[in-house]
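> Sharing data-v1.pdb, PDB, N, CA and C atoms:
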```
MODEL        1
ATOM      1  N   MET A 115       0.815  -1.197   0.000
ATOM      2  CA  MET A 115       0.000   0.000   0.000
ATOM      3  C   MET A 115       0.860   1.263   0.000
ATOM      4  N   SER A 116       2.047   1.192   0.599
ATOM      5  CA  SER A 116       2.866   2.401   0.626
ATOM      6  C   SER A 116       3.309   2.828  -0.775
ATOM      7  N   GLU A 117       3.370   1.892  -1.732
ATOM      8  CA  GLU A 117       3.692   2.273  -3.110
ATOM      9  C   GLU A 117       2.607   3.175  -3.688
ATOM     10  N   GLU A 118       1.342   2.877  -3.344
ATOM     11  CA  GLU A 118       0.237   3.734  -3.785
ATOM     12  C   GLU A 118       0.402   5.145  -3.226
ATOM     13  N   VAL A 119       0.823   5.222  -1.980
ATOM     14  CA  VAL A 119       1.009   6.531  -1.349
ATOM     15  C   VAL A 119       2.176   7.269  -2.001
ATOM     16  N   LYS A 120       3.264   6.575  -2.257
ATOM     17  CA  LYS A 120       4.405   7.205  -2.921
ATOM     18  C   LYS A 120       3.997   7.728  -4.299
ATOM     19  N   GLU A 121       3.208   6.944  -5.019
ATOM     20  CA  GLU A 121       2.716   7.382  -6.324
ATOM     21  C   GLU A 121       1.825   8.621  -6.180
ATOM     22  N   PHE A 122       1.004   8.639  -5.114
ATOM     23  CA  PHE A 122       0.170   9.819  -4.856
ATOM     24  C   PHE A 122       1.047  11.059  -4.713
ATOM     25  N   TYR A 123       2.116  10.966  -3.886
ATOM     26  CA  TYR A 123       2.982  12.123  -3.668
ATOM     27  C   TYR A 123       3.595  12.601  -4.985
ATOM     28  N   ASN A 124       4.060  11.676  -5.799
ATOM     29  CA  ASN A 124       4.640  12.045  -7.096
ATOM     30  C   ASN A 124       3.600  12.700  -8.000
ATOM     31  N   GLN A 125       2.419  12.109  -8.070
ATOM     32  CA  GLN A 125       1.373  12.652  -8.934
ATOM     33  C   GLN A 125       0.892  14.001  -8.431
ATOM     34  N   PHE A 126       0.804  14.174  -7.100
ATOM     35  CA  PHE A 126       0.323  15.445  -6.562
ATOM     36  C   PHE A 126       1.252  16.592  -6.939
ATOM     37  N   LYS A 127       2.566  16.328  -6.945
ATOM     38  CA  LYS A 127       3.509  17.373  -7.370
ATOM     39  C   LYS A 127       3.207  17.810  -8.800
ATOM     40  N   LYS A 128       2.957  16.833  -9.669
ATOM     41  CA  LYS A 128       2.626  17.149 -11.064
ATOM     42  C   LYS A 128       1.301  17.897 -11.146
ATOM     43  N   ASP A 129       0.313  17.441 -10.395
ATOM     44  CA  ASP A 129      -0.998  18.091 -10.416
ATOM     45  C   ASP A 129      -0.921  19.521  -9.905
ATOM     46  N   ALA A 130      -0.141  19.733  -8.840
ATOM     47  CA  ALA A 130       0.003  21.083  -8.285
ATOM     48  C   ALA A 130       0.670  22.010  -9.297
ATOM     49  N   SER A 131       1.650  21.491 -10.008
ATOM     50  CA  SER A 131       2.314  22.284 -11.042
ATOM     51  C   SER A 131       1.333  22.648 -12.157
ATOM     52  N   LYS A 132       0.512  21.689 -12.536
ATOM     53  CA  LYS A 132      -0.485  21.938 -13.583
ATOM     54  C   LYS A 132      -1.515  22.963 -13.102
ATOM     55  N   MET A 133      -1.962  22.830 -11.852
ATOM     56  CA  MET A 133      -2.916  23.804 -11.317
ATOM     57  C   MET A 133      -2.299  25.199 -11.287
ATOM     58  N   GLN A 134      -1.006  25.275 -10.960
ATOM     59  CA  GLN A 134      -0.324  26.569 -10.926
ATOM     60  C   GLN A 134      -0.373  27.234 -12.298
ATOM     61  N   GLN A 135      -0.210  26.446 -13.353
ATOM     62  CA  GLN A 135      -0.229  26.983 -14.713
ATOM     63  C   GLN A 135      -1.642  27.367 -15.158
ATOM     64  N   VAL A 136      -2.611  26.505 -14.847
ATOM     65  CA  VAL A 136      -3.971  26.692 -15.352
ATOM     66  C   VAL A 136      -4.794  27.624 -14.467
ATOM     67  N   LEU A 137      -4.567  27.557 -13.156
ATOM     68  CA  LEU A 137      -5.368  28.322 -12.190
ATOM     69  C   LEU A 137      -4.470  29.139 -11.250
ATOM     70  N   PRO A 138      -3.678  30.043 -11.795
ATOM     71  CA  PRO A 138      -2.721  30.756 -10.945
ATOM     72  C   PRO A 138      -3.382  31.600  -9.860
ATOM     73  N   ASP A 139      -4.519  32.199 -10.134
ATOM     74  CA  ASP A 139      -5.183  33.027  -9.118
ATOM     75  C   ASP A 139      -5.694  32.167  -7.960
ATOM     76  N   MET A 140      -6.264  31.014  -8.293
ATOM     77  CA  MET A 140      -6.724  30.106  -7.238
ATOM     78  C   MET A 140      -5.546  29.658  -6.379
ATOM     79  N   MET A 141      -4.467  29.265  -7.033
ATOM     80  CA  MET A 141      -3.291  28.804  -6.291
ATOM     81  C   MET A 141      -2.716  29.918  -5.422
ATOM     82  N   LYS A 142      -2.647  31.109  -5.962
ATOM     83  CA  LYS A 142      -2.111  32.240  -5.203
ATOM     84  C   LYS A 142      -2.972  32.486  -3.959
ATOM     85  N   GLY A 143      -4.285  32.478  -4.141
ATOM     86  CA  GLY A 143      -5.177  32.714  -3.014
ATOM     87  C   GLY A 143      -5.099  31.621  -1.970
ATOM     88  N   PHE A 144      -5.176  30.370  -2.422
ATOM     89  CA  PHE A 144      -5.157  29.261  -1.468
ATOM     90  C   PHE A 144      -3.812  29.149  -0.772
ATOM     91  N   LEU A 145      -2.728  29.194  -1.550
ATOM     92  CA  LEU A 145      -1.404  29.054  -0.944
ATOM     93  C   LEU A 145      -1.060  30.233  -0.050
ATOM     94  N   GLY A 146      -1.560  31.419  -0.396
ATOM     95  CA  GLY A 146      -1.347  32.581   0.468
ATOM     96  C   GLY A 146      -2.053  32.411   1.800
ATOM     97  N   MET A 147      -3.303  31.940   1.746
ATOM     98  CA  MET A 147      -4.047  31.690   2.979
ATOM     99  C   MET A 147      -3.353  30.592   3.788
ATOM    100  N   PHE A 148      -2.960  29.525   3.109
ATOM    101  CA  PHE A 148      -2.295  28.416   3.782
ATOM    102  C   PHE A 148      -1.034  28.905   4.498
ATOM    103  N   ALA A 149      -0.196  29.658   3.788
ATOM    104  CA  ALA A 149       1.051  30.151   4.378
ATOM    105  C   ALA A 149       0.790  31.117   5.533
ATOM    106  N   GLY A 150      -0.263  31.911   5.418
ATOM    107  CA  GLY A 150      -0.585  32.869   6.471
ATOM    108  C   GLY A 150      -1.078  32.212   7.748
ATOM    109  N   ILE A 151      -1.696  31.051   7.616
ATOM    110  CA  ILE A 151      -2.261  30.355   8.773
ATOM    111  C   ILE A 151      -1.335  29.277   9.300
ATOM    112  N   MET A 152      -0.718  28.521   8.409
ATOM    113  CA  MET A 152       0.063  27.358   8.824
ATOM    114  C   MET A 152       1.503  27.752   9.146
ATOM    115  N   LYS A 153       1.628  28.495  10.217
ATOM    116  CA  LYS A 153       2.921  28.913  10.761
ATOM    117  C   LYS A 153       2.742  29.062  12.258
ATOM    118  N   ASP A 154       3.843  29.173  12.973
ATOM    119  CA  ASP A 154       3.766  29.351  14.415
ATOM    120  C   ASP A 154       2.992  30.614  14.759
ATOM    121  N   GLY A 155       2.120  30.489  15.717
ATOM    122  CA  GLY A 155       1.338  31.601  16.245
ATOM    123  C   GLY A 155       0.981  31.231  17.667
ATOM    124  N   ALA A 156      -0.259  31.453  18.062
ATOM    125  CA  ALA A 156      -0.701  31.012  19.384
ATOM    126  C   ALA A 156      -0.566  29.488  19.483
ATOM    127  N   LEU A 157      -0.779  28.801  18.347
ATOM    128  CA  LEU A 157      -0.504  27.363  18.235
ATOM    129  C   LEU A 157       0.736  27.201  17.371
ATOM    130  N   ASP A 158       1.607  26.267  17.729
ATOM    131  CA  ASP A 158       2.773  26.033  16.878
ATOM    132  C   ASP A 158       2.361  25.251  15.630
ATOM    133  N   LEU A 159       3.231  25.265  14.639
ATOM    134  CA  LEU A 159       2.930  24.618  13.365
ATOM    135  C   LEU A 159       2.643  23.133  13.539
ATOM    136  N   LYS A 160       3.394  22.455  14.390
ATOM    137  CA  LYS A 160       3.170  21.019  14.590
ATOM    138  C   LYS A 160       1.744  20.765  15.059
ATOM    139  N   THR A 161       1.267  21.544  16.003
ATOM    140  CA  THR A 161      -0.096  21.392  16.505
ATOM    141  C   THR A 161      -1.113  21.665  15.403
ATOM    142  N   LYS A 162      -0.881  22.708  14.627
ATOM    143  CA  LYS A 162      -1.797  23.032  13.525
ATOM    144  C   LYS A 162      -1.839  21.904  12.504
ATOM    145  N   GLU A 163      -0.699  21.309  12.199
ATOM    146  CA  GLU A 163      -0.675  20.202  11.240
ATOM    147  C   GLU A 163      -1.376  18.968  11.802
ATOM    148  N   LEU A 164      -1.222  18.695  13.081
ATOM    149  CA  LEU A 164      -1.937  17.569  13.686
ATOM    150  C   LEU A 164      -3.448  17.802  13.633
ATOM    151  N   ILE A 165      -3.862  19.053  13.834
ATOM    152  CA  ILE A 165      -5.286  19.395  13.717
ATOM    153  C   ILE A 165      -5.747  19.200  12.275
ATOM    154  N   ALA A 166      -4.956  19.686  11.324
ATOM    155  CA  ALA A 166      -5.317  19.538   9.911
ATOM    156  C   ALA A 166      -5.421  18.068   9.525
ATOM    157  N   LEU A 167      -4.492  17.253  10.015
ATOM    158  CA  LEU A 167      -4.555  15.820   9.758
ATOM    159  C   LEU A 167      -5.835  15.230  10.346
ATOM    160  N   ALA A 168      -6.152  15.616  11.564
ATOM    161  CA  ALA A 168      -7.356  15.090  12.223
ATOM    162  C   ALA A 168      -8.614  15.467  11.444
ATOM    163  N   ILE A 169      -8.680  16.682  10.967
ATOM    164  CA  ILE A 169      -9.845  17.112  10.190
ATOM    165  C   ILE A 169      -9.908  16.349   8.872
ATOM    166  N   GLY A 170      -8.780  16.189   8.212
ATOM    167  CA  GLY A 170      -8.748  15.431   6.966
ATOM    168  C   GLY A 170      -9.194  13.991   7.169
ATOM    169  N   LEU A 171      -8.749  13.384   8.260
ATOM    170  CA  LEU A 171      -9.149  12.015   8.573
ATOM    171  C   LEU A 171     -10.636  11.955   8.896
ATOM    172  N   ALA A 172     -11.124  12.907   9.687
ATOM    173  CA  ALA A 172     -12.550  12.936  10.025
ATOM    174  C   ALA A 172     -13.412  13.133   8.782
ATOM    175  N   ALA A 173     -12.899  13.894   7.816
ATOM    176  CA  ALA A 173     -13.636  14.138   6.572
ATOM    177  C   ALA A 173     -13.456  12.998   5.570
ATOM    178  N   GLN A 174     -12.640  12.019   5.941
ATOM    179  CA  GLN A 174     -12.353  10.866   5.083
ATOM    180  C   GLN A 174     -11.768  11.292   3.741
ATOM    181  N   CYS A 175     -10.894  12.279   3.808
ATOM    182  CA  CYS A 175     -10.230  12.828   2.614
ATOM    183  C   CYS A 175      -8.834  12.213   2.519
ATOM    184  N   LYS A 176      -8.710  11.168   1.710
ATOM    185  CA  LYS A 176      -7.434  10.459   1.584
ATOM    186  C   LYS A 176      -6.293  11.386   1.174
ATOM    187  N   PRO A 177      -6.462  12.256   0.158
ATOM    188  CA  PRO A 177      -5.357  13.169  -0.176
ATOM    189  C   PRO A 177      -4.975  14.068   1.002
ATOM    190  N   CYS A 178      -5.972  14.525   1.757
ATOM    191  CA  CYS A 178      -5.688  15.370   2.928
ATOM    192  C   CYS A 178      -4.860  14.602   3.948
ATOM    193  N   VAL A 179      -5.233  13.350   4.190
ATOM    194  CA  VAL A 179      -4.501  12.510   5.140
ATOM    195  C   VAL A 179      -3.051  12.372   4.679
ATOM    196  N   TYR A 180      -2.861  11.979   3.428
ATOM    197  CA  TYR A 180      -1.499  11.775   2.932
ATOM    198  C   TYR A 180      -0.673  13.041   3.019
ATOM    199  N   LEU A 181      -1.241  14.171   2.586
ATOM    200  CA  LEU A 181      -0.486  15.420   2.589
ATOM    201  C   LEU A 181      -0.175  15.899   4.002
ATOM    202  N   HIS A 182      -1.135  15.753   4.919
ATOM    203  CA  HIS A 182      -0.887  16.276   6.265
ATOM    204  C   HIS A 182      -0.060  15.341   7.125
ATOM    205  N   VAL A 183      -0.027  14.045   6.834
ATOM    206  CA  VAL A 183       0.958  13.193   7.512
ATOM    207  C   VAL A 183       2.350  13.692   7.136
ATOM    208  N   GLN A 184       2.565  13.935   5.857
ATOM    209  CA  GLN A 184       3.855  14.443   5.385
ATOM    210  C   GLN A 184       4.192  15.771   6.058
ATOM    211  N   LYS A 185       3.218  16.668   6.124
ATOM    212  CA  LYS A 185       3.447  17.979   6.727
ATOM    213  C   LYS A 185       3.632  17.884   8.244
ATOM    214  N   CYS A 186       2.943  16.952   8.895
ATOM    215  CA  CYS A 186       3.148  16.739  10.334
ATOM    216  C   CYS A 186       4.594  16.339  10.609
ATOM    217  N   LEU A 187       5.098  15.393   9.826
ATOM    218  CA  LEU A 187       6.484  14.958   9.998
ATOM    219  C   LEU A 187       7.443  16.117   9.773
ATOM    220  N   ALA A 188       7.202  16.909   8.724
ATOM    221  CA  ALA A 188       8.073  18.049   8.430
ATOM    222  C   ALA A 188       8.037  19.085   9.552
ATOM    223  N   ALA A 189       6.898  19.163  10.256
ATOM    224  CA  ALA A 189       6.751  20.134  11.347
ATOM    225  C   ALA A 189       7.292  19.592  12.673
ATOM    226  N   GLY A 190       7.811  18.354  12.660
ATOM    227  CA  GLY A 190       8.435  17.810  13.860
ATOM    228  C   GLY A 190       7.620  16.800  14.632
ATOM    229  N   ALA A 191       6.442  16.454  14.142
ATOM    230  CA  ALA A 191       5.642  15.429  14.826
ATOM    231  C   ALA A 191       6.277  14.063  14.572
ATOM    232  N   ASN A 192       6.157  13.181  15.543
ATOM    233  CA  ASN A 192       6.676  11.832  15.353
ATOM    234  C   ASN A 192       5.522  10.866  15.107
ATOM    235  N   ARG A 193       5.858   9.648  14.794
ATOM    236  CA  ARG A 193       4.865   8.614  14.473
ATOM    237  C   ARG A 193       3.822   8.476  15.587
ATOM    238  N   GLU A 194       4.291   8.448  16.825
ATOM    239  CA  GLU A 194       3.382   8.259  17.960
ATOM    240  C   GLU A 194       2.400   9.411  18.086
ATOM    241  N   GLU A 195       2.856  10.642  17.898
ATOM    242  CA  GLU A 195       1.969  11.806  17.973
ATOM    243  C   GLU A 195       0.928  11.766  16.854
ATOM    244  N   ILE A 196       1.367  11.394  15.671
ATOM    245  CA  ILE A 196       0.455  11.329  14.527
ATOM    246  C   ILE A 196      -0.610  10.260  14.749
ATOM    247  N   LEU A 197      -0.188   9.089  15.199
ATOM    248  CA  LEU A 197      -1.156   8.013  15.433
ATOM    249  C   LEU A 197      -2.079   8.333  16.610
ATOM    250  N   GLU A 198      -1.583   9.040  17.608
ATOM    251  CA  GLU A 198      -2.447   9.444  18.723
ATOM    252  C   GLU A 198      -3.487  10.452  18.257
ATOM    253  N   ALA A 199      -3.096  11.383  17.386
ATOM    254  CA  ALA A 199      -4.071  12.319  16.818
ATOM    255  C   ALA A 199      -5.134  11.556  16.036
ATOM    256  N   ALA A 200      -4.708  10.537  15.290
ATOM    257  CA  ALA A 200      -5.670   9.704  14.554
ATOM    258  C   ALA A 200      -6.606   8.985  15.521
ATOM    259  N   SER A 201      -6.096   8.573  16.657
ATOM    260  CA  SER A 201      -6.929   7.900  17.658
ATOM    261  C   SER A 201      -8.001   8.828  18.213
ATOM    262  N   VAL A 202      -7.663  10.094  18.388
ATOM    263  CA  VAL A 202      -8.646  11.069  18.870
ATOM    264  C   VAL A 202      -9.778  11.205  17.854
ATOM    265  N   VAL A 203      -9.446  11.163  16.585
ATOM    266  CA  VAL A 203     -10.479  11.238  15.547
ATOM    267  C   VAL A 203     -11.427  10.056  15.663
ATOM    268  N   VAL A 204     -10.883   8.877  15.925
ATOM    269  CA  VAL A 204     -11.734   7.687  16.077
ATOM    270  C   VAL A 204     -12.690   7.869  17.253
ATOM    271  N   VAL A 205     -12.202   8.467  18.344
ATOM    272  CA  VAL A 205     -13.074   8.731  19.492
ATOM    273  C   VAL A 205     -14.230   9.643  19.088
ATOM    274  N   MET A 206     -13.925  10.654  18.280
ATOM    275  CA  MET A 206     -14.925  11.646  17.918
ATOM    276  C   MET A 206     -15.809  11.220  16.747
ATOM    277  N   ARG A 207     -15.275  10.410  15.828
ATOM    278  CA  ARG A 207     -16.025  10.037  14.621
ATOM    279  C   ARG A 207     -16.395   8.560  14.552
ATOM    280  N   GLY A 208     -15.874   7.758  15.456
ATOM    281  CA  GLY A 208     -16.246   6.349  15.503
ATOM    282  C   GLY A 208     -15.760   5.538  14.326
ATOM    283  N   GLY A 209     -16.586   4.570  13.928
ATOM    284  CA  GLY A 209     -16.243   3.599  12.901
ATOM    285  C   GLY A 209     -15.784   4.169  11.586
ATOM    286  N   PRO A 210     -16.456   5.194  11.025
ATOM    287  CA  PRO A 210     -15.991   5.723   9.749
ATOM    288  C   PRO A 210     -14.544   6.213   9.802
ATOM    289  N   ALA A 211     -14.151   6.847  10.894
ATOM    290  CA  ALA A 211     -12.758   7.284  11.022
ATOM    291  C   ALA A 211     -11.845   6.078  11.235
ATOM    292  N   PHE A 212     -12.307   5.126  12.011
ATOM    293  CA  PHE A 212     -11.535   3.913  12.300
ATOM    294  C   PHE A 212     -11.109   3.227  11.006
ATOM    295  N   THR A 213     -12.002   3.170  10.027
ATOM    296  CA  THR A 213     -11.693   2.464   8.785
ATOM    297  C   THR A 213     -10.690   3.206   7.909
ATOM    298  N   HIS A 214     -10.408   4.480   8.215
ATOM    299  CA  HIS A 214      -9.448   5.251   7.429
ATOM    300  C   HIS A 214      -8.092   5.402   8.114
ATOM    301  N   VAL A 215      -7.946   4.934   9.344
ATOM    302  CA  VAL A 215      -6.654   5.014  10.032
ATOM    303  C   VAL A 215      -5.557   4.284   9.249
ATOM    304  N   PRO A 216      -5.850   3.174   8.552
ATOM    305  CA  PRO A 216      -4.780   2.558   7.746
ATOM    306  C   PRO A 216      -4.155   3.514   6.726
ATOM    307  N   GLU A 217      -4.891   4.511   6.253
ATOM    308  CA  GLU A 217      -4.312   5.501   5.343
ATOM    309  C   GLU A 217      -3.200   6.284   6.036
ATOM    310  N   VAL A 218      -3.408   6.603   7.311
ATOM    311  CA  VAL A 218      -2.375   7.297   8.084
ATOM    312  C   VAL A 218      -1.150   6.393   8.200
ATOM    313  N   MET A 219      -1.368   5.129   8.531
ATOM    314  CA  MET A 219      -0.260   4.191   8.673
ATOM    315  C   MET A 219       0.461   3.982   7.342
ATOM    316  N   ASP A 220      -0.291   3.915   6.241
ATOM    317  CA  ASP A 220       0.320   3.764   4.916
ATOM    318  C   ASP A 220       1.202   4.962   4.583
ATOM    319  N   ALA A 221       0.714   6.157   4.887
ATOM    320  CA  ALA A 221       1.498   7.364   4.610
ATOM    321  C   ALA A 221       2.778   7.369   5.448
ATOM    322  N   LEU A 222       2.677   7.005   6.728
ATOM    323  CA  LEU A 222       3.868   6.932   7.574
ATOM    324  C   LEU A 222       4.872   5.924   7.009
ATOM    325  N   GLU A 223       4.379   4.767   6.597
ATOM    326  CA  GLU A 223       5.246   3.741   6.025
ATOM    327  C   GLU A 223       5.914   4.244   4.739
ATOM    328  N   ALA A 224       5.129   4.892   3.885
ATOM    329  CA  ALA A 224       5.684   5.407   2.632
ATOM    330  C   ALA A 224       6.751   6.460   2.873
ATOM    331  N   LEU A 225       6.626   7.164   3.981
ATOM    332  CA  LEU A 225       7.593   8.211   4.323
ATOM    333  C   LEU A 225       8.709   7.686   5.230
ATOM    334  N   GLY A 226       8.738   6.376   5.435
ATOM    335  CA  GLY A 226       9.812   5.758   6.205
ATOM    336  C   GLY A 226       9.727   5.937   7.697
ATOM    337  N   LYS A 227       8.518   6.121   8.217
ATOM    338  CA  LYS A 227       8.343   6.322   9.677
ATOM    339  C   LYS A 227       7.542   5.215  10.301
TER     340      LYS A 227
ENDMDL
END
```
Go ahead and express the file in the form of structure tokens.


Amino acid sequence: MSEEVKEFYNQFKKDASKMQQVLPDMMKGFLGMFAGIMKDGALDLKTKELIALAIGLAAQCKPCVYLHVQKCLAAGANREEILEAASVVVVMRGGPAFTHVPEVMDALEALGK
């Protein structure tokens, strides 16, 4: 399964580049908002990324899960913190979230964690 995740990361880079060319205003707006929010503030970036991962998992958004696992690691979160955040989602969302936790584990595996 981690090969699927690795392929996702490769394809997403290509897709983001294509979106930049075709929809530059959308990308500028979204990436500007993202950069303005996803930085240290009252909450540090690691906490914000764990929240973003939790929301993506609760929404059952596989691309969100894959991207925010990667961003959580880059922000300094470790495997245990990421999986604990996923566990909190299961508490709040129950079975539907439970069935998507393997996506978090697949992303961690694909990223060597």

> Considering only C-alpha atoms, return as a ChimeraX atom specification whatever protein or nucleic-acid residues lie within 9 Å of Ile196 in chain A, sequence-local ones (same chain, fewer than 6 positions apart) excluded.

/A:164,167-168,183,186-187,218,222

> For Ala211 in chain A, work out the shell of residues within 6.5 Å, counting all atoms listed in the file and skipping chain neighbours fewer than 5 positions away, then give it as a short mmCIF file (atom, residue, chain, number, x, y, z; two decimals) with N, CA and C atoms, in the frame of the given file.


```
data_model
loop_
_atom_site.label_atom_id
_atom_site.label_comp_id
_atom_site.auth_asym_id
_atom_site.auth_seq_id
_atom_site.Cartn_x
_atom_site.Cartn_y
_atom_site.Cartn_z
N LEU A 171 -8.75 13.38 8.26
CA LEU A 171 -9.15 12.02 8.57
C LEU A 171 -10.64 11.96 8.90
N ALA A 172 -11.12 12.91 9.69
CA ALA A 172 -12.55 12.94 10.02
C ALA A 172 -13.41 13.13 8.78
N VAL A 203 -9.45 11.16 16.58
CA VAL A 203 -10.48 11.24 15.55
C VAL A 203 -11.43 10.06 15.66
N VAL A 204 -10.88 8.88 15.92
CA VAL A 204 -11.73 7.69 16.08
C VAL A 204 -12.69 7.87 17.25
#
```

> Calculate how many Å separate atom C of Gly150 in chain A from atom N of Glu223 in chain A, rounding to one decimal.

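Atom-to-atom, atom C of Gly150 in chain A to atom N of Glu223 in chain A, that is 28.0 Å.
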
> Using all atoms listed in the file, which protein or nucleic acid residues come within 8 Å of range 152-159 of chain A? Drop anything in the same chain fewer than 6 positions from it, and give the result as number ranges by chain.

A: 146, 165, 185-186, 188-191

> What are the nearest atom pairs, with distances in Å to one decimal, for all residues of range 157-214 of chain A that come at most 8 Å from range 117-137 of chain A, using all atoms listed in the file, set out by chain and rising residue number as JSON lines?


```
{"residue": "A:Pro177", "atom": "CA", "partner": "A:Phe122", "partner_atom": "CA", "distance": 8.0}
{"residue": "A:Tyr180", "atom": "CA", "partner": "A:Val119", "partner_atom": "CA", "distance": 7.2}
{"residue": "A:Leu181", "atom": "N", "partner": "A:Tyr123", "partner_atom": "CA", "distance": 7.8}
```

> Only N, CA and C atoms, please: the residues just picked out, written as a compact mmCIF listing (two decimals), keeping the file's coordinate frame.


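Heads up, here's the output in out_2.txt:
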```
# COMPACT_ATOMS: atom_id res chain seq x y z
N PRO A 177 -6.46 12.26 0.16
CA PRO A 177 -5.36 13.17 -0.18
C PRO A 177 -4.97 14.07 1.00
N TYR A 180 -2.86 11.98 3.43
CA TYR A 180 -1.50 11.78 2.93
C TYR A 180 -0.67 13.04 3.02
N LEU A 181 -1.24 14.17 2.59
CA LEU A 181 -0.49 15.42 2.59
C LEU A 181 -0.18 15.90 4.00
```

> Tell me which of A:Val215, A:Met140, A:Ala173, A:Cys178 sits closest to Glu198 in chain A, counting only C-alpha atoms.

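Comparing A:Val215, A:Met140, A:Ala173, A:Cys178 against Glu198 in chain A, the winner is A:Val215.
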
> How far is it from atom C of His182 in chain A to atom N of Val205 in chain A, in Å with one decimal?

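Distance reported for this atom pair: 17.9 Å.
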
> Taking only C-alpha atoms into account, name the residue in A:Thr213, A:Phe144, A:Glu194, A:Asp139 that is nearest to Lys176 in chain A.

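Closest residue, counting only C-alpha atoms: A:Thr213.
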
> Run DSSP on the backbone and grab whatever in range 137-207 of chain A lands in alpha helix (DSSP H); send it over as a PyMOL selection string.

chain A and resi 138-151+159-172+176-188+193-207

> Could you work out how far CA of Gln184 in chain A lies from CA of Ala224 in chain A, giving the answer in Å with one decimal?

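Going from CA of Ala224 in chain A over to CA of Gln184 in chain A covers 9.6 Å.
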
> Please give the centre and size of the box around range 159-178 of chain A (axis-aligned, containing every atom listed in the file, 4 Å added per side), with values in Å to one decimal and written as AutoDock Vina command-line options.


```
--center_x -5.1 --center_y 17.9 --center_z 8.2 --size_x 25.0 --size_y 22.8 --size_z 24.7
```

> How would range 132-145 of chain A of the given structure read as a file with C-alpha atoms, as a CSV table (one decimal), in the first residue's frame?


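result.csv, written as the output of this step:
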```csv
chain,number,residue,atom,x,y,z
A,132,LYS,CA,-0.5,21.9,-13.6
A,133,MET,CA,-2.9,23.8,-11.3
A,134,GLN,CA,-0.3,26.6,-10.9
A,135,GLN,CA,-0.2,27.0,-14.7
A,136,VAL,CA,-4.0,26.7,-15.4
A,137,LEU,CA,-5.4,28.3,-12.2
A,138,PRO,CA,-2.7,30.8,-10.9
A,139,ASP,CA,-5.2,33.0,-9.1
A,140,MET,CA,-6.7,30.1,-7.2
A,141,MET,CA,-3.3,28.8,-6.3
A,142,LYS,CA,-2.1,32.2,-5.2
A,143,GLY,CA,-5.2,32.7,-3.0
A,144,PHE,CA,-5.2,29.3,-1.5
A,145,LEU,CA,-1.4,29.1,-0.9
```
